[in-house]
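Worksheet for the structure shown next.
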2 protein chains.
Amino acid sequence: MFVGQYNHNLDNKGRLAVPAKFRKELKKAVVTQGLDNCLVLYPQKEWQKVAQKFSSLPINKANNRAMSRFMLAGATEVEFDGQGRIILPEYLRKFAGLSKNVVIAGLYNYLEIWDEKDWNEYKAKTEKNSTDIAEALSDLNSSVSL
Amino acid sequence: MFVGQYNHNLDNKGRLAVPAKFRKELKKAVVTQGLDNCLVLYPQKEWQKVAQKFSSLPINKANNRAMSRFMLAGATEVEFDGQGRIILPEYLRKFAGLSKNVVIAGLYNYLEIWDEKDWNEYKAKTEKNSTDIAEALSDLNSSVSL
DNA sequence: AGATAAGTGGGGATAAGTGGGGAAAATAAT
DNA sequence: ATTATTTTCCCCACTTATCCCCACTTATCT
């Protein structure tokens, strides 16, 4: 499964090299918009599950419709070239505010793609509050033990 | 299981020799960010449990996402080279403020990795207040896990 | 003190990441 | 319909980082 974070560069053709360790577990993948202004990359299998979930949400709630459109309509299938790179279409790069320096993070069963600057800011914020967040978590869900 | 503390040196390639006594019980391991600014090293088995929990948190809550990113994206699978060393990636060294002198402490079912200076300060502080801290501990007898 | 194991440091081979050129395909224009 | 222009894709080459091995130093055990 996917863990860790890597700093890679987006070249001027919109190509992004997926870390070799992740690549091995990925043949086909789907990239779409994620929360907190990042992109998410699912292996084909995981994507099926996610898409299923969103498409089966009751459509009477406005929030459900919005979320489904966000995730499903924003999605693109990506393939790897000989060097293990994928092409991120312009609208996704724009959405996530990607310039050149990009962070690819493994979140166990999927990947996230961030603009490096945003990632660093988010990380700094989280680390500063990590103790509080951890304590709040364990209040809500006592089964999470560190 | 893991007990005791060792002072080791990080070389300029980011490598850290794991104490031989610990090494014997570890084939594969995962290092990630811990609370109080240290790194945590889990044996593969322990890690599976932890990762499972974090990866299955509902992603609709901001705190859940933050915590998952902290623990999962902060993690790295580490392997031992012929000399029993692991490589700590730059972002983890930076997170824990590791320079050269490092303390590796066994906490029964996992290891902690500290910058030596921080460790000494933390130790001094807690030893001075140990009785107070013990008093404030909630029900050690019940199922509370630290 | 000698022997053995553990920890530390560095160099060379190999793989991973990055950038760019050119062929093929698609689209658009005459 | 043919040509021209743009876009996509594949391949090659370079640079940088990672891994593996060897050698030295320090500590531990008998």
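Please note that chains go A, B, ... in the order of the structure tokens, that every chain numbers its residues from 1, and that ligands are numbered from 1 in the order shown.
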Using 7 Å as the limit and counting only C-alpha atoms, can you tabulate each residue of chain A that touches chain B, with its shortest atom-to-atom distance in Å and the two atoms involved, as CSV?
residue,atom,partner,partner_atom,distance
A:Val3,CA,B:Ala73,CA,5.4
A:Gly4,CA,B:Ala73,CA,4.6
A:Gln5,CA,B:Ala73,CA,5.7
A:Ala105,CA,B:Ala73,CA,5.3
A:Gly106,CA,B:Ala73,CA,5.2
A:Leu107,CA,B:Leu72,CA,5.4
A:Tyr108,CA,B:Ser55,CA,6.4
A:Thr126,CA,B:Ala66,CA,6.4
A:Thr131,CA,B:Leu35,CA,6.4
A:Ile133,CA,B:Asn63,CA,6.3
A:Val144,CA,B:Lys53,CA,6.7
A:Ser145,CA,B:Ser145,CA,6.6
Mind writing the picked residues with C-alpha atoms as an mmCIF file, in the first residue's frame?
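Below you can see part_24.cif, which holds the result:
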data_model
loop_
_atom_site.group_PDB
_atom_site.id
_atom_site.type_symbol
_atom_site.label_atom_id
_atom_site.label_comp_id
_atom_site.auth_asym_id
_atom_site.auth_seq_id
_atom_site.Cartn_x
_atom_site.Cartn_y
_atom_site.Cartn_z
ATOM 1 C CA VAL A 3 2.781 5.587 2.220
ATOM 2 C CA GLY A 4 5.276 8.409 2.250
ATOM 3 C CA GLN A 5 5.742 11.686 0.455
ATOM 4 C CA ALA A 105 1.689 11.666 -0.882
ATOM 5 C CA GLY A 106 0.657 8.092 -0.219
ATOM 6 C CA LEU A 107 -2.494 7.701 1.875
ATOM 7 C CA TYR A 108 -2.565 3.949 2.047
ATOM 8 C CA THR A 126 -1.225 20.315 11.111
ATOM 9 C CA THR A 131 -1.413 17.128 19.740
ATOM 10 C CA ILE A 133 -6.054 17.010 16.824
ATOM 11 C CA VAL A 144 -7.873 4.908 17.699
ATOM 12 C CA SER A 145 -4.856 4.445 19.863
#
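Here chain B was fitted onto chain A over its full set of C-alpha atoms, and the resulting RMSD is 2.3 Å.
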Counting only C-alpha atoms (C1' of nucleotides), which residues from chain D have an atom at most 12 Å from any atom of chain B, and could you show them as a count of residues only?
-> 6
Interface, chain A side, toward chain C (9 Å; only C-alpha atoms (C1' of nucleotides)) as an NGL selection string = :A and (8-9 or 11 or 17 or 19-20 or 83)
For B:Asn7: contacts at 8 Å, only C-alpha atoms (C1' of nucleotides), fewer than 2 positions along chain excluded, given as a VMD selection string | chain B and resid 5 9 101 to 104 116
Next, write the just-selected residues to a file, as a compact mmCIF listing (two decimals), in the first residue's frame, keeping N, CA and C atoms as the atom set.
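Below is the file that was written, result-v3.txt:
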# COMPACT_ATOMS: atom_id res chain seq x y z
N GLN B 5 17.39 2.36 25.87
CA GLN B 5 17.65 3.50 24.99
C GLN B 5 19.11 3.51 24.56
N ASN B 9 24.45 7.61 15.91
CA ASN B 9 24.72 8.77 15.06
C ASN B 9 24.08 8.62 13.69
N ASN B 101 23.31 13.55 16.53
CA ASN B 101 23.16 12.69 17.71
C ASN B 101 21.70 12.37 17.96
N VAL B 102 21.42 11.09 17.98
CA VAL B 102 20.05 10.61 18.00
C VAL B 102 19.88 9.59 19.12
N VAL B 103 18.69 9.57 19.72
CA VAL B 103 18.39 8.55 20.72
C VAL B 103 17.32 7.62 20.18
N ILE B 104 17.57 6.32 20.31
CA ILE B 104 16.59 5.32 19.91
C ILE B 104 16.10 4.65 21.18
N GLU B 116 18.89 13.90 20.17
CA GLU B 116 19.42 13.68 21.51
C GLU B 116 19.14 14.84 22.47
May I ask which of the residues B:Leu137, B:Leu10, B:Met1, B:Leu16 is the closest one to B:Ile86, counting only C-alpha atoms?
-> B:Leu16
Can you check which residues of chain B DSSP gives as strand (DSSP E or B) on the backbone and send them as a PyMOL selection string?
-> chain B and resi 2-10+15-17+29-33+39-43+76-78+85-87+101-108+111-115
